[in-house]
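Colleague: Take this structure first; my questions come after.
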Amino acid sequence: MRVYVPLTLPGLAEAHRTGQLGDGPFTAYAVTPALREWYLSDDIEELEYAALSRAALASLRLLAADPAAPRRRVVVAVDVADGAASAEPGRGPDPAVLGEVRLAGPVRLAKAAAVHVDAEDAEEDVAAAAQALEAADKGDDDAQFVVDGAEDHELLWFATQEIPQLVA
């Protein structure tokens, strides 16, 4: 099963240093039954892109909580055993948690398939989106427009061998 782990660049540096993602139960994103139901598609590539997008939004939330982190969203795509990630039971198709899964413990970074990171030219829009996130969550349409502006930037794909250059 492919899961998408939201991080920041400092979080990626820490994962690179320790060789693992997470240090206990942690949240990631995947193609869950609720995401399939919400997205109404059977195309696995579209569904995985939707899960990646959910993880990118979670990365934006991590950036909002860490003003010192470079303003670039980071998502690590990791292959884990089926059953290693579980959707929270009883949460249903709540839009706030679509695609959210829990991993019980750390995952070796060696299992990563790829890393997705914003280009440097996205930093200004990502910074504005991180700053506007709280107001957007409270229903401010103008703030939501700013948050959506970060989503206009596609995350770039990097091989795991490129992590040292990303965190340097």
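We label chains A, B, ... in the order they appear in the structure tokens, count residues from 1 in each chain, and number ligands from 1 in the order shown.
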Show me a table, sorted first by chain and then by increasing residue number, of the residues of region 94-136 of chain A having an atom at most 10 Å from region 39-56 of chain A, each with its shortest atom pair and the distance in Å to one decimal, counting only C-alpha atoms and written as CSV.

Modeller:
```
residue,atom,partner,partner_atom,distance
A:Ala96,CA,A:Arg54,CA,9.3
A:Val97,CA,A:Arg54,CA,8.6
A:Leu98,CA,A:Arg54,CA,7.5
A:Gly99,CA,A:Ala51,CA,5.8
A:Glu100,CA,A:Arg54,CA,8.1
A:His116,CA,A:Leu52,CA,8.9
A:Val117,CA,A:Ala56,CA,9.0
A:Asp118,CA,A:Ala56,CA,9.5
```

Colleague: Could you give me, as a list in words, each residue of region 93-142 of chain A that DSSP assigns to strand (DSSP E) when run on this structure's backbone?

Modeller: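 Listing strand (DSSP E) positions across region 93-142 of chain A yields Glu100, Val101, Arg102, Leu103, Val107, Arg108, Ala112, Ala113, Ala114, Val115, His116 and Val117 of chain A.
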
Colleague: Counting only C-alpha atoms, which of A:Ala127, A:Ala122, A:Ala28, A:Leu9 gets nearest to Ser86 (chain A)?

Modeller: A:Ala28

Colleague: Please identify the alpha helix (DSSP H) residues within chain A (assignment by DSSP from backbone atoms) and present them as a PyMOL selection string.

Modeller: chain A and resi 9-18+33-39+44-65+123-137+141-151+163-167

Colleague: What's the 12 Å shell around region 132-148 of chain A, counting only C-alpha atoms, without same-chain residues fewer than 2 positions away, as a list in words?

Modeller: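 Here the answer would be Ser53, Ala56, Leu57, Ala58, Ser59, Leu60, Arg61, Leu62, Leu63, Ala64, Ala65, Ala96, Glu124, Asp125, Val126, Ala127, Ala128, Ala129, Ala130, Ala150, Glu151, Asp152, His153 and Glu154 of chain A.
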
Colleague: May I have the residues from that selection written out with N, CA, C and O atoms, as a CSV table (one decimal), in the first residue's frame?

Modeller:
```csv
chain,number,residue,atom,x,y,z
A,53,SER,N,-2.4,15.1,-2.6
A,53,SER,CA,-2.9,16.5,-2.4
A,53,SER,C,-3.4,16.7,-1.0
A,53,SER,O,-3.1,17.8,-0.4
A,56,ALA,N,-0.3,17.1,1.0
A,56,ALA,CA,0.3,18.4,0.8
A,56,ALA,C,-0.4,19.5,1.6
A,56,ALA,O,0.3,20.3,2.2
A,57,LEU,N,-1.7,19.3,1.8
A,57,LEU,CA,-2.4,20.3,2.7
A,57,LEU,C,-2.0,20.0,4.1
A,57,LEU,O,-1.8,21.0,4.9
A,58,ALA,N,-1.8,18.8,4.5
A,58,ALA,CA,-1.3,18.5,5.9
A,58,ALA,C,0.1,19.1,6.1
A,58,ALA,O,0.5,19.6,7.2
A,59,SER,N,1.0,19.0,5.0
A,59,SER,CA,2.3,19.6,5.1
A,59,SER,C,2.2,21.1,5.3
A,59,SER,O,2.9,21.7,6.1
A,60,LEU,N,1.2,21.7,4.6
A,60,LEU,CA,1.0,23.2,4.8
A,60,LEU,C,0.6,23.5,6.3
A,60,LEU,O,1.1,24.5,6.8
A,61,ARG,N,-0.1,22.6,6.9
A,61,ARG,CA,-0.5,22.8,8.3
A,61,ARG,C,0.8,22.7,9.2
A,61,ARG,O,0.9,23.4,10.2
A,62,LEU,N,1.7,21.8,8.8
A,62,LEU,CA,2.9,21.7,9.6
A,62,LEU,C,3.7,22.9,9.4
A,62,LEU,O,4.4,23.4,10.4
A,63,LEU,N,3.7,23.5,8.2
A,63,LEU,CA,4.5,24.8,8.0
A,63,LEU,C,3.8,25.9,8.8
A,63,LEU,O,4.6,26.8,9.4
A,64,ALA,N,2.5,25.9,8.9
A,64,ALA,CA,1.8,27.0,9.7
A,64,ALA,C,2.2,26.9,11.1
A,64,ALA,O,2.3,27.9,11.8
A,65,ALA,N,2.5,25.7,11.6
A,65,ALA,CA,2.9,25.5,13.0
A,65,ALA,C,4.4,25.7,13.3
A,65,ALA,O,4.8,25.8,14.4
A,96,ALA,N,-12.7,16.8,6.3
A,96,ALA,CA,-11.5,17.2,7.0
A,96,ALA,C,-10.5,16.1,7.1
A,96,ALA,O,-9.3,16.3,7.3
A,124,GLU,N,6.8,31.9,-1.9
A,124,GLU,CA,6.0,33.1,-1.6
A,124,GLU,C,4.5,32.7,-1.4
A,124,GLU,O,3.9,33.1,-0.4
A,125,ASP,N,4.0,31.9,-2.3
A,125,ASP,CA,2.6,31.5,-2.2
A,125,ASP,C,2.3,30.6,-1.1
A,125,ASP,O,1.3,30.6,-0.4
A,126,VAL,N,3.3,29.7,-0.8
A,126,VAL,CA,3.1,28.7,0.3
A,126,VAL,C,3.2,29.5,1.6
A,126,VAL,O,2.4,29.2,2.5
A,127,ALA,N,4.1,30.4,1.7
A,127,ALA,CA,4.2,31.3,2.9
A,127,ALA,C,2.9,32.0,3.2
A,127,ALA,O,2.4,32.0,4.3
A,128,ALA,N,2.3,32.6,2.1
A,128,ALA,CA,1.0,33.3,2.3
A,128,ALA,C,-0.1,32.3,2.7
A,128,ALA,O,-0.9,32.6,3.5
A,129,ALA,N,-0.1,31.1,2.1
A,129,ALA,CA,-1.1,30.1,2.4
A,129,ALA,C,-1.0,29.6,3.8
A,129,ALA,O,-2.0,29.5,4.5
A,130,ALA,N,0.2,29.4,4.3
A,130,ALA,CA,0.4,29.0,5.7
A,130,ALA,C,-0.1,30.0,6.7
A,130,ALA,O,-0.7,29.7,7.7
A,150,ALA,N,-1.6,28.1,-3.1
A,150,ALA,CA,-0.5,27.2,-2.9
A,150,ALA,C,-0.7,25.9,-3.7
A,150,ALA,O,0.2,25.3,-4.2
A,151,GLU,N,-2.0,25.5,-3.8
A,151,GLU,CA,-2.3,24.3,-4.5
A,151,GLU,C,-2.1,24.4,-6.0
A,151,GLU,O,-2.1,23.4,-6.7
A,152,ASP,N,-2.0,25.6,-6.5
A,152,ASP,CA,-1.7,25.9,-7.9
A,152,ASP,C,-0.3,25.4,-8.3
A,152,ASP,O,0.0,25.3,-9.5
A,153,HIS,N,0.5,25.2,-7.3
A,153,HIS,CA,1.9,24.8,-7.5
A,153,HIS,C,1.9,23.3,-7.4
A,153,HIS,O,1.6,22.7,-6.3
A,154,GLU,N,2.4,22.6,-8.5
A,154,GLU,CA,2.5,21.2,-8.4
A,154,GLU,C,3.8,20.8,-7.6
A,154,GLU,O,4.8,21.5,-7.8
```

Colleague: Quick one, how far is CA of Gly24 (chain A) from CA of Glu37 (chain A)?

Modeller: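 Interatomic distance, CA of Gly24 (chain A) to CA of Glu37 (chain A): 29.1 Å.
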